[in-house]
file structure_27.pdb (PDB, C-alpha atoms and all ligand atoms)
ATOM      1  CA  MET A   1      14.072  66.434 -63.949
ATOM      2  CA  LYS A   2      16.509  64.314 -61.953
ATOM      3  CA  ASP A   3      15.364  61.414 -59.817
ATOM      4  CA  LEU A   4      12.015  62.149 -58.121
ATOM      5  CA  ARG A   5      13.073  60.661 -54.795
ATOM      6  CA  GLU A   6      16.217  62.783 -54.716
ATOM      7  CA  SER A   7      14.310  65.931 -55.609
ATOM      8  CA  LEU A   8      11.756  65.273 -52.872
ATOM      9  CA  GLU A   9      14.472  64.629 -50.342
ATOM     10  CA  ALA A  10      16.142  67.908 -51.278
ATOM     11  CA  SER A  11      12.866  69.865 -51.043
ATOM     12  CA  ILE A  12      11.227  68.525 -47.894
ATOM     13  CA  ARG A  13      12.175  70.499 -44.828
ATOM     14  CA  THR A  14      12.480  68.679 -41.513
ATOM     15  CA  VAL A  15      11.557  71.001 -38.643
ATOM     16  CA  PRO A  16      12.498  69.680 -35.199
ATOM     17  CA  ASP A  17      10.107  70.047 -32.267
ATOM     18  CA  PHE A  18       7.134  71.279 -34.314
ATOM     19  CA  PRO A  19       4.269  71.499 -33.384
ATOM     20  CA  LYS A  20       5.522  70.025 -30.135
ATOM     21  CA  LYS A  21       8.719  68.724 -28.633
ATOM     22  CA  GLY A  22       9.986  65.459 -30.041
ATOM     23  CA  ILE A  23       8.163  65.701 -33.413
ATOM     24  CA  GLN A  24      10.305  65.941 -36.537
ATOM     25  CA  PHE A  25       7.827  67.780 -38.726
ATOM     26  CA  LYS A  26       8.090  67.101 -42.466
ATOM     27  CA  ASP A  27       7.238  70.367 -44.192
ATOM     28  CA  ILE A  28       6.146  69.861 -47.800
ATOM     29  CA  THR A  29       5.469  73.530 -48.594
ATOM     30  CA  PRO A  30       8.783  73.926 -50.505
ATOM     31  CA  ILE A  31       7.533  71.261 -52.935
ATOM     32  CA  LEU A  32       4.556  73.476 -53.758
ATOM     33  CA  GLU A  33       6.941  76.193 -54.902
ATOM     34  CA  SER A  34       8.048  73.932 -57.737
ATOM     35  CA  PRO A  35       5.440  73.275 -60.409
ATOM     36  CA  VAL A  36       7.819  70.791 -62.041
ATOM     37  CA  LEU A  37       8.182  68.711 -58.887
ATOM     38  CA  SER A  38       4.478  69.019 -58.029
ATOM     39  CA  ARG A  39       3.507  67.767 -61.482
ATOM     40  CA  ALA A  40       6.030  64.925 -61.186
ATOM     41  CA  ILE A  41       4.397  63.767 -57.935
ATOM     42  CA  VAL A  42       0.959  63.570 -59.531
ATOM     43  CA  ALA A  43       2.396  61.825 -62.601
ATOM     44  CA  GLU A  44       4.161  59.267 -60.397
ATOM     45  CA  PHE A  45       0.961  58.410 -58.517
ATOM     46  CA  VAL A  46      -0.883  58.031 -61.820
ATOM     47  CA  LYS A  47       1.865  55.688 -63.029
ATOM     48  CA  LEU A  48       1.962  53.652 -59.803
ATOM     49  CA  TYR A  49      -1.797  53.056 -59.879
ATOM     50  CA  ASN A  50      -1.954  52.269 -63.560
ATOM     51  CA  GLY A  51      -4.266  49.267 -63.927
ATOM     52  CA  VAL A  52      -5.949  49.730 -60.526
ATOM     53  CA  ARG A  53      -9.643  50.631 -60.649
ATOM     54  CA  ILE A  54     -10.097  54.050 -59.034
ATOM     55  CA  ASP A  55     -13.582  55.600 -58.946
ATOM     56  CA  ALA A  56     -12.649  58.581 -56.741
ATOM     57  CA  VAL A  57      -9.768  60.074 -54.767
ATOM     58  CA  ALA A  58     -10.293  60.956 -51.083
ATOM     59  CA  GLY A  59      -7.888  63.572 -49.733
ATOM     60  CA  ILE A  60      -7.416  64.047 -46.015
ATOM     61  CA  GLU A  61      -7.395  67.564 -44.559
ATOM     62  CA  SER A  62      -5.515  69.622 -45.148
ATOM     63  CA  ARG A  63      -2.295  68.646 -46.844
ATOM     64  CA  GLY A  64      -4.026  65.702 -48.501
ATOM     65  CA  PHE A  65      -5.996  68.245 -50.544
ATOM     66  CA  LEU A  66      -2.907  69.703 -52.198
ATOM     67  CA  PHE A  67      -2.122  66.724 -54.405
ATOM     68  CA  GLY A  68      -5.391  64.837 -53.957
ATOM     69  CA  LEU A  69      -7.389  67.219 -56.142
ATOM     70  CA  PRO A  70      -4.886  67.402 -59.048
ATOM     71  CA  LEU A  71      -4.554  63.612 -58.858
ATOM     72  CA  ALA A  72      -8.332  63.180 -59.111
ATOM     73  CA  MET A  73      -8.411  65.643 -62.009
ATOM     74  CA  GLU A  74      -5.661  63.744 -63.795
ATOM     75  CA  LEU A  75      -7.501  60.448 -63.246
ATOM     76  CA  ASN A  76     -10.742  62.151 -64.298
ATOM     77  CA  VAL A  77     -12.593  60.989 -61.164
ATOM     78  CA  PRO A  78     -14.336  62.856 -58.313
ATOM     79  CA  PHE A  79     -12.333  64.288 -55.423
ATOM     80  CA  ILE A  80     -13.770  63.717 -51.950
ATOM     81  CA  ALA A  81     -12.708  66.007 -49.103
ATOM     82  CA  MET A  82     -12.279  64.314 -45.754
ATOM     83  CA  ARG A  83     -12.146  66.939 -43.049
ATOM     84  CA  LYS A  84     -11.779  67.350 -39.333
ATOM     85  CA  LYS A  85     -15.021  67.399 -37.407
ATOM     86  CA  GLY A  86     -17.122  70.541 -37.740
ATOM     87  CA  LYS A  87     -15.606  71.907 -40.970
ATOM     88  CA  LEU A  88     -17.996  70.555 -43.583
ATOM     89  CA  PRO A  89     -21.204  72.565 -43.936
ATOM     90  CA  TRP A  90     -23.628  69.925 -45.187
ATOM     91  CA  ARG A  91     -24.844  66.620 -43.709
ATOM     92  CA  THR A  92     -21.867  64.465 -42.838
ATOM     93  CA  ILE A  93     -20.905  61.006 -41.763
ATOM     94  CA  SER A  94     -18.029  60.770 -39.344
ATOM     95  CA  TYR A  95     -15.578  58.319 -37.873
ATOM     96  CA  ARG A  96     -13.889  58.747 -34.527
ATOM     97  CA  TYR A  97     -10.479  57.240 -33.883
ATOM     98  CA  ALA A  98      -7.843  57.108 -31.197
ATOM     99  CA  LEU A  99      -4.673  59.180 -31.303
ATOM    100  CA  GLU A 100      -1.601  58.578 -29.190
ATOM    101  CA  TYR A 101      -3.140  61.000 -26.701
ATOM    102  CA  GLY A 102      -6.860  61.578 -27.025
ATOM    103  CA  GLU A 103      -9.199  61.187 -29.971
ATOM    104  CA  ALA A 104      -9.870  62.676 -33.404
ATOM    105  CA  GLU A 105     -12.786  62.539 -35.798
ATOM    106  CA  ILE A 106     -12.930  62.891 -39.570
ATOM    107  CA  GLU A 107     -15.954  63.534 -41.709
ATOM    108  CA  MET A 108     -17.112  63.594 -45.295
ATOM    109  CA  HIS A 109     -20.326  64.761 -46.866
ATOM    110  CA  GLU A 110     -23.109  62.253 -46.952
ATOM    111  CA  GLY A 111     -23.817  60.991 -50.449
ATOM    112  CA  SER A 112     -20.405  61.947 -51.904
ATOM    113  CA  ILE A 113     -19.506  58.285 -52.107
ATOM    114  CA  LYS A 114     -21.720  55.697 -53.753
ATOM    115  CA  PRO A 115     -21.798  52.102 -52.520
ATOM    116  CA  GLY A 116     -19.349  49.873 -54.394
ATOM    117  CA  MET A 117     -16.924  52.689 -55.247
ATOM    118  CA  GLN A 118     -13.198  51.983 -55.103
ATOM    119  CA  VAL A 119     -11.616  55.088 -53.598
ATOM    120  CA  LEU A 120      -7.923  55.950 -53.500
ATOM    121  CA  VAL A 121      -7.040  57.436 -50.100
ATOM    122  CA  HIS A 122      -4.376  60.139 -50.229
ATOM    123  CA  ASP A 123      -2.528  62.138 -47.586
ATOM    124  CA  ASP A 124       0.832  63.901 -47.582
ATOM    125  CA  LEU A 125       2.373  61.677 -44.937
ATOM    126  CA  LEU A 126       1.896  58.248 -43.368
ATOM    127  CA  ALA A 127       2.934  58.079 -39.706
ATOM    128  CA  THR A 128       1.046  55.654 -37.403
ATOM    129  CA  GLY A 129      -1.620  55.047 -40.055
ATOM    130  CA  GLY A 130      -4.472  56.046 -37.721
ATOM    131  CA  THR A 131      -5.741  58.803 -40.001
ATOM    132  CA  ALA A 132      -5.632  56.766 -43.222
ATOM    133  CA  CYS A 133      -7.241  53.847 -41.412
ATOM    134  CA  ALA A 134     -10.073  56.133 -40.254
ATOM    135  CA  ALA A 135     -10.505  57.373 -43.849
ATOM    136  CA  ALA A 136     -10.838  53.784 -45.058
ATOM    137  CA  GLU A 137     -13.377  53.011 -42.323
ATOM    138  CA  LEU A 138     -15.376  56.073 -43.351
ATOM    139  CA  LEU A 139     -15.501  54.746 -46.919
ATOM    140  CA  LYS A 140     -16.669  51.372 -45.668
ATOM    141  CA  MET A 141     -19.484  53.031 -43.714
ATOM    142  CA  GLU A 142     -20.824  54.214 -47.088
ATOM    143  CA  GLY A 143     -20.474  50.754 -48.653
ATOM    144  CA  ALA A 144     -17.328  51.735 -50.589
ATOM    145  CA  GLU A 145     -13.788  50.333 -50.372
ATOM    146  CA  PRO A 146     -10.291  51.813 -50.415
ATOM    147  CA  ALA A 147      -8.721  51.190 -53.822
ATOM    148  CA  GLY A 148      -5.322  51.863 -52.295
ATOM    149  CA  PHE A 149      -3.404  54.351 -50.183
ATOM    150  CA  CYS A 150      -0.851  56.862 -51.454
ATOM    151  CA  PHE A 151       1.428  59.248 -49.621
ATOM    152  CA  ILE A 152       4.325  61.492 -50.493
ATOM    153  CA  ILE A 153       6.181  60.553 -47.291
ATOM    154  CA  GLU A 154       6.205  57.433 -45.125
ATOM    155  CA  LEU A 155       7.759  57.411 -41.641
ATOM    156  CA  GLU A 156       8.605  53.725 -41.453
ATOM    157  CA  ALA A 157       9.461  53.709 -37.754
ATOM    158  CA  LEU A 158       5.810  54.394 -36.912
ATOM    159  CA  HIS A 159       4.552  51.257 -38.733
ATOM    160  CA  GLY A 160       1.564  52.817 -40.485
ATOM    161  CA  ARG A 161       1.995  50.312 -43.294
ATOM    162  CA  SER A 162       1.280  47.347 -41.049
ATOM    163  CA  ARG A 163      -1.772  49.119 -39.652
ATOM    164  CA  LEU A 164      -3.185  49.392 -43.179
ATOM    165  CA  LEU A 165      -2.255  45.826 -44.132
ATOM    166  CA  PRO A 166      -5.686  44.373 -43.185
ATOM    167  CA  PHE A 167      -7.285  46.376 -46.031
ATOM    168  CA  ASP A 168      -5.084  44.391 -48.432
ATOM    169  CA  ARG A 169      -4.795  47.223 -50.956
ATOM    170  CA  PRO A 170      -1.707  48.688 -52.684
ATOM    171  CA  LEU A 171       0.077  51.242 -50.509
ATOM    172  CA  MET A 172       2.524  53.591 -52.245
ATOM    173  CA  SER A 173       4.803  56.210 -50.775
ATOM    174  CA  LEU A 174       7.311  58.243 -52.753
ATOM    175  CA  LEU A 175       9.875  58.889 -50.032
ATOM    176  CA  ARG A 176      10.484  56.741 -46.975
ATOM    177  CA  TYR A 177      12.325  57.794 -43.837
ATOM    178  CA  GLU A 178      13.562  55.076 -41.469
TER     179      GLU A 178
HETATM  180  P1  LIG B   1      -0.974  59.222 -38.617
HETATM  181  O1  LIG B   1      -2.450  59.185 -38.421
HETATM  182  O2  LIG B   1      -0.219  58.944 -37.351
HETATM  183  O3  LIG B   1      -0.517  58.324 -39.761
HETATM  184  O4  LIG B   1      -0.585  60.721 -38.969
HETATM  185  C1  LIG B   1      -0.738  61.184 -40.244
HETATM  186  C2  LIG B   1      -1.282  62.587 -40.265
HETATM  187  O5  LIG B   1      -0.592  63.441 -39.364
HETATM  188  C3  LIG B   1      -1.105  63.184 -41.633
HETATM  189  O6  LIG B   1      -2.261  63.964 -41.945
HETATM  190  C4  LIG B   1       0.145  64.031 -41.540
HETATM  191  O7  LIG B   1       0.004  65.205 -42.292
HETATM  192  C5  LIG B   1       0.282  64.334 -40.041
HETATM  193  N1  LIG B   1       1.644  64.066 -39.531
HETATM  194  C6  LIG B   1       1.976  63.096 -38.642
HETATM  195  N2  LIG B   1       3.279  63.131 -38.363
HETATM  196  C7  LIG B   1       3.814  64.143 -39.097
HETATM  197  C8  LIG B   1       5.135  64.662 -39.270
HETATM  198  N3  LIG B   1       6.195  64.169 -38.621
HETATM  199  N4  LIG B   1       5.305  65.691 -40.130
HETATM  200  C9  LIG B   1       4.253  66.206 -40.806
HETATM  201  N5  LIG B   1       2.995  65.756 -40.688
HETATM  202  C10 LIG B   1       2.754  64.737 -39.845
END
call {"tool": "encode", "arguments": {"input": "structure_27.pdb", "output": "structure tokens"}}
result
Amino acid sequence: MKDLRESLEASIRTVPDFPKKGIQFKDITPILESPVLSRAIVAEFVKLYNGVRIDAVAGIESRGFLFGLPLAMELNVPFIAMRKKGKLPWRTISYRYALEYGEAEIEMHEGSIKPGMQVLVHDDLLATGGTACAAAELLKMEGAEPAGFCFIIELEALHGRSRLLPFDRPLMSLLRYE
């Protein structure tokens, strides 16, 4: 396969004004149509985190599930689903956070994470960093820590990276847009 970055750039579809005006939506579904590219993404994350202790991978709903689970399987560690409020059927712990307009809340099942675990947080895309930050706070509520943060795409103009800086953990993204 040619350069991973180039292949990602060629596959990701930018959809203007979705889901609302002014948003340049990065659609990763064409990536999923390529098993070669999908495998290369997982392999790249495994390579980038080589030497970092990872006890579990937490994927953020819903696009964070797509590569989060195969990544956890490849690393041979548990996968933890972090979902929007009201989706998980069992007892949950939740963390509420501010969005540009309004609020959101993410949850995970109680007891999925054990205190002291180092958990890699994964989502498809890093924008303002609010969601990944909330995921890390949720881990901390259970006495665990983020081992790092990994994304397929980073929108640099929205400064998510600096928002996650206080956690002082490796942050990797495969394709950055200015
Ligand atoms: P944020 O909390 O601002 O970092 O937003 C990240 C979350 O919103 C991720 O779960 C992304 O899937 C989604 N998201 C934000 N902006 C975009 C975008 N331009 N294209 C696709 N997904 C986005």
call {"tool": "closest_atom_pairs", "arguments": {"input": "structure_27.pdb", "of": "chain A", "to": "ligand LIG 1 (chain B)", "cutoff": "6 Å", "atoms": "all atoms listed in the file", "output": "CSV"}}
result
residue,atom,partner,partner_atom,distance
A:Ile23,CA,B:LIG1,N3,5.8
A:Gln24,CA,B:LIG1,N3,4.9
A:Phe25,CA,B:LIG1,N4,3.6
A:Lys26,CA,B:LIG1,N4,3.9
A:Asp123,CA,B:LIG1,O6,5.9
A:Asp124,CA,B:LIG1,O7,5.5
A:Leu125,CA,B:LIG1,C4,4.7
A:Leu126,CA,B:LIG1,O3,4.3
A:Ala127,CA,B:LIG1,O3,3.5
A:Thr128,CA,B:LIG1,O2,3.5
A:Gly129,CA,B:LIG1,O3,3.5
A:Gly130,CA,B:LIG1,O1,3.8
A:Thr131,CA,B:LIG1,O1,3.7
A:Gly160,CA,B:LIG1,O3,5.9
call {"tool": "resolve_selection", "arguments": {"input": "structure_27.pdb", "expression": "the PyMOL selection byres (((chain A and resi 116) around 6) and not hetatm)", "output": "PyMOL selection string"}}
result
chain A and resi 115+117+143-144
call {"tool": "resolve_selection", "arguments": {"input": "structure_27.pdb", "expression": "the PyMOL selection byres (((chain A and resi 96) around 8) and not hetatm)", "output": "PyMOL selection string"}}
result
chain A and resi 94-95+97-98+103-106+134
call {"tool": "closest_residue", "arguments": {"input": "structure_27.pdb", "among": "A:Glu154, A:Glu74, A:Asp55, A:Asp27", "to": "Leu174 of chain A", "atoms": "only C-alpha atoms"}}
result
A:Glu154
call {"tool": "resolve_selection", "arguments": {"input": "structure_27.pdb", "expression": "the PyMOL selection byres (((chain A and resi 119) around 9) and not hetatm)", "output": "VMD selection string"}}
result
chain A and resid 53 to 58 113 117 to 118 120 to 121 136 139 144 to 149
call {"tool": "atom_distance", "arguments": {"input": "structure_27.pdb", "atom1": "atom CA of Lys20 of chain A", "atom2": "atom CA of Gly68 of chain A"}}
result
26.7 Å
